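Down below is the structure, laid out as structure tokens.
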Amino acid sequence: MQSLDLSLFKITPLNVLDILLVAFIIYQVYNLIRGTIAVNILIGMGVIYALYFVVKVLHMQLLTEILGYFRDVAVIIIVVVFQQEIRRFLLLVGKNASLQRNKAWWRYFFGKTQDEKNNYARIKPVIDACKILKQTRTGALIVFAKYYDEQFYQNSCEVLEAKISKRLLESIFQKTSPLHDGAVVIAENKIKSASCILPLTDKVDLPPQFGLRHRAGIGVTEANEATAIIISEETGEISYAKQGKVKMNISFAELEKLLNKDFSI
């Protein structure tokens, strides 16, 4: 009788690391597609694959041939259908290895005071503008982008390249302003553009009161390394979106804390 080879079940530190890395990747992929229509698409592809193996075992040649075409082009289908999720995953990987993050450690020890001053100068006018917009129930969408992708933003925006100013932000979002319908994008200590049309999120589990402004604010944080401040036109409530997740009805103290944390480098 042939003995069972137990060498396959030998546990080594590399095996444990391998399992942990795979689990981490699966968890990150799950976080990226959770609550989106991509989950239903993935389930549909799984059903097609399962059906393919069933009809193949049953020797149903016609169905096997038809479903085989889907199997052969599966990689292309995944790239086309999940392009936004793939982009978000690559951004997640890239941001942790970026040169900007490595420079941040140097600045943490040698230039922290100056960074805090620059950060406060950038954040305070935005918070002051949000106070007025909330009080007057003026709808607004303000995006803080860590890396300004010109191809992504400028295709549907009016380029400003202006100093961050409370009065400028207020005037942009006034209902009579030609630039109020869309988002303001802030990057590199400037108001880079206004009236930006942003991609909407595919999430299907959002609160019913969320309109296009909220969906655009969440969507831009899914596709880019950015955060978004969303002010509801109906209630004046302030929401804060990051990495596809949103915090609702936050206070100005919490808003300042979040912005300081996310834009301290």
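Here's how to read the names in the structure tokens: chain A, B, ... by the order shown, residue numbers from 1 in each chain, ligand numbers from 1 in the order shown.
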Which residues are close to Ser195 of chain A, i.e. within 6 Å by only C-alpha atoms, leaving aside same-chain residues fewer than 6 positions away? Reply as a PDB file with N, CA and C atoms, in the first residue's frame.
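Result file follows (out.pdb):
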```
ATOM      1  N   CYS A 157     -13.531  69.917 -16.748  1.00  0.00           N
ATOM      2  CA  CYS A 157     -13.438  70.982 -15.749  1.00  0.00           C
ATOM      3  C   CYS A 157     -13.045  72.313 -16.368  1.00  0.00           C
ATOM      4  N   LEU A 179     -20.317  78.020 -12.504  1.00  0.00           N
ATOM      5  CA  LEU A 179     -19.423  76.918 -12.136  1.00  0.00           C
ATOM      6  C   LEU A 179     -19.962  76.080 -10.983  1.00  0.00           C
ATOM      7  N   ASP A 181     -22.349  73.911 -10.700  1.00  0.00           N
ATOM      8  CA  ASP A 181     -22.817  72.549 -10.971  1.00  0.00           C
ATOM      9  C   ASP A 181     -21.619  71.642 -11.260  1.00  0.00           C
ATOM     10  N   GLY A 182     -21.105  71.009 -10.244  1.00  0.00           N
ATOM     11  CA  GLY A 182     -19.934  70.149 -10.386  1.00  0.00           C
ATOM     12  C   GLY A 182     -19.066  70.250  -9.153  1.00  0.00           C
ATOM     13  N   ALA A 183     -17.859  69.719  -9.245  1.00  0.00           N
ATOM     14  CA  ALA A 183     -16.960  69.674  -8.090  1.00  0.00           C
ATOM     15  C   ALA A 183     -15.808  70.647  -8.245  1.00  0.00           C
TER      16      ALA A 183
END
```
*Skip Pro178 of chain A itself and residues of its chain fewer than 5 positions away, then list as a list of chain:residue names all residues within 12 Å of it, counting only C-alpha atoms.*
A:Cys157, A:Glu158, A:Ser171, A:Ile172, A:Phe173, A:Ala194, A:Ser195, A:Cys196
Output file for the selection above: N, CA and C atoms, as a compact mmCIF listing (two decimals), in the first residue's frame:
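So the final result, stored in part-v1.txt, reads:
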```
# COMPACT_ATOMS: atom_id res chain seq x y z
N CYS A 157 -13.53 69.92 -16.75
CA CYS A 157 -13.44 70.98 -15.75
C CYS A 157 -13.04 72.31 -16.37
N GLU A 158 -13.29 73.35 -15.60
CA GLU A 158 -12.75 74.67 -15.90
C GLU A 158 -11.49 74.86 -15.05
N SER A 171 -18.39 81.74 -3.73
CA SER A 171 -18.93 82.28 -4.99
C SER A 171 -19.08 81.18 -6.05
N ILE A 172 -18.18 80.21 -6.05
CA ILE A 172 -18.27 79.12 -7.03
C ILE A 172 -19.56 78.34 -6.86
N PHE A 173 -19.93 78.06 -5.60
CA PHE A 173 -21.08 77.18 -5.35
C PHE A 173 -22.41 77.92 -5.22
N ALA A 194 -12.69 73.75 -11.34
CA ALA A 194 -14.06 73.81 -10.83
C ALA A 194 -15.02 73.28 -11.88
N SER A 195 -16.26 73.06 -11.47
CA SER A 195 -17.30 72.54 -12.35
C SER A 195 -16.91 71.19 -12.97
N CYS A 196 -16.27 70.35 -12.16
CA CYS A 196 -15.80 69.04 -12.64
C CYS A 196 -16.93 68.01 -12.60
```
*So which residues of segment 205-251 of chain A fall under alpha helix (DSSP H) by DSSP, listed as a ChimeraX atom specification?*
/A:212-223
*May I have the residues within 8 Å of segment 222-232 of chain A as a PyMOL selection string, using only C-alpha atoms and disregarding those fewer than 2 positions away in the same chain?*
chain A and resi 84-85+87-88+91+95+130+133-134+137-147+201+213-214+217-220+234-244
Keeping only C-alpha atoms, write those residues as an mmCIF file, in the first residue's frame.
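Output file part18.cif follows:
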```cif
data_model
loop_
_atom_site.group_PDB
_atom_site.id
_atom_site.type_symbol
_atom_site.label_atom_id
_atom_site.label_comp_id
_atom_site.auth_asym_id
_atom_site.auth_seq_id
_atom_site.Cartn_x
_atom_site.Cartn_y
_atom_site.Cartn_z
ATOM 1 C CA GLN A 84 -12.282 50.696 -12.194
ATOM 2 C CA GLU A 85 -11.664 48.075 -9.483
ATOM 3 C CA ARG A 87 -7.360 50.874 -11.111
ATOM 4 C CA ARG A 88 -8.314 51.284 -7.467
ATOM 5 C CA LEU A 91 -3.628 52.873 -6.642
ATOM 6 C CA LYS A 95 0.369 54.817 -2.856
ATOM 7 C CA CYS A 130 -18.203 75.015 4.513
ATOM 8 C CA LEU A 133 -22.462 76.786 2.753
ATOM 9 C CA LYS A 134 -23.974 74.633 5.508
ATOM 10 C CA ARG A 137 -27.871 75.054 2.621
ATOM 11 C CA THR A 138 -25.871 75.502 -0.529
ATOM 12 C CA GLY A 139 -24.930 72.211 -2.164
ATOM 13 C CA ALA A 140 -21.209 71.707 -2.679
ATOM 14 C CA LEU A 141 -18.643 69.068 -3.588
ATOM 15 C CA ILE A 142 -14.990 69.761 -2.724
ATOM 16 C CA VAL A 143 -12.362 67.186 -3.657
ATOM 17 C CA PHE A 144 -8.882 67.058 -2.138
ATOM 18 C CA ALA A 145 -6.626 65.163 -4.557
ATOM 19 C CA LYS A 146 -3.182 64.080 -3.385
ATOM 20 C CA TYR A 147 -2.050 63.591 -6.967
ATOM 21 C CA THR A 201 -20.029 55.179 -7.705
ATOM 22 C CA ARG A 213 -23.495 64.879 -5.662
ATOM 23 C CA HIS A 214 -22.935 62.215 -3.005
ATOM 24 C CA GLY A 217 -18.071 62.339 -4.193
ATOM 25 C CA ILE A 218 -17.843 58.650 -3.327
ATOM 26 C CA GLY A 219 -17.000 57.698 -6.906
ATOM 27 C CA VAL A 220 -13.976 59.999 -7.183
ATOM 28 C CA GLU A 234 -31.581 69.784 1.133
ATOM 29 C CA THR A 235 -30.321 69.523 4.726
ATOM 30 C CA GLY A 236 -26.952 71.282 4.837
ATOM 31 C CA GLU A 237 -25.483 68.080 6.275
ATOM 32 C CA ILE A 238 -21.747 67.576 5.693
ATOM 33 C CA SER A 239 -20.438 64.177 4.607
ATOM 34 C CA TYR A 240 -16.842 63.073 4.172
ATOM 35 C CA ALA A 241 -15.868 60.405 1.631
ATOM 36 C CA LYS A 242 -12.597 58.467 1.480
ATOM 37 C CA GLN A 243 -11.677 55.234 -0.324
ATOM 38 C CA GLY A 244 -15.298 54.682 -1.329
#
```
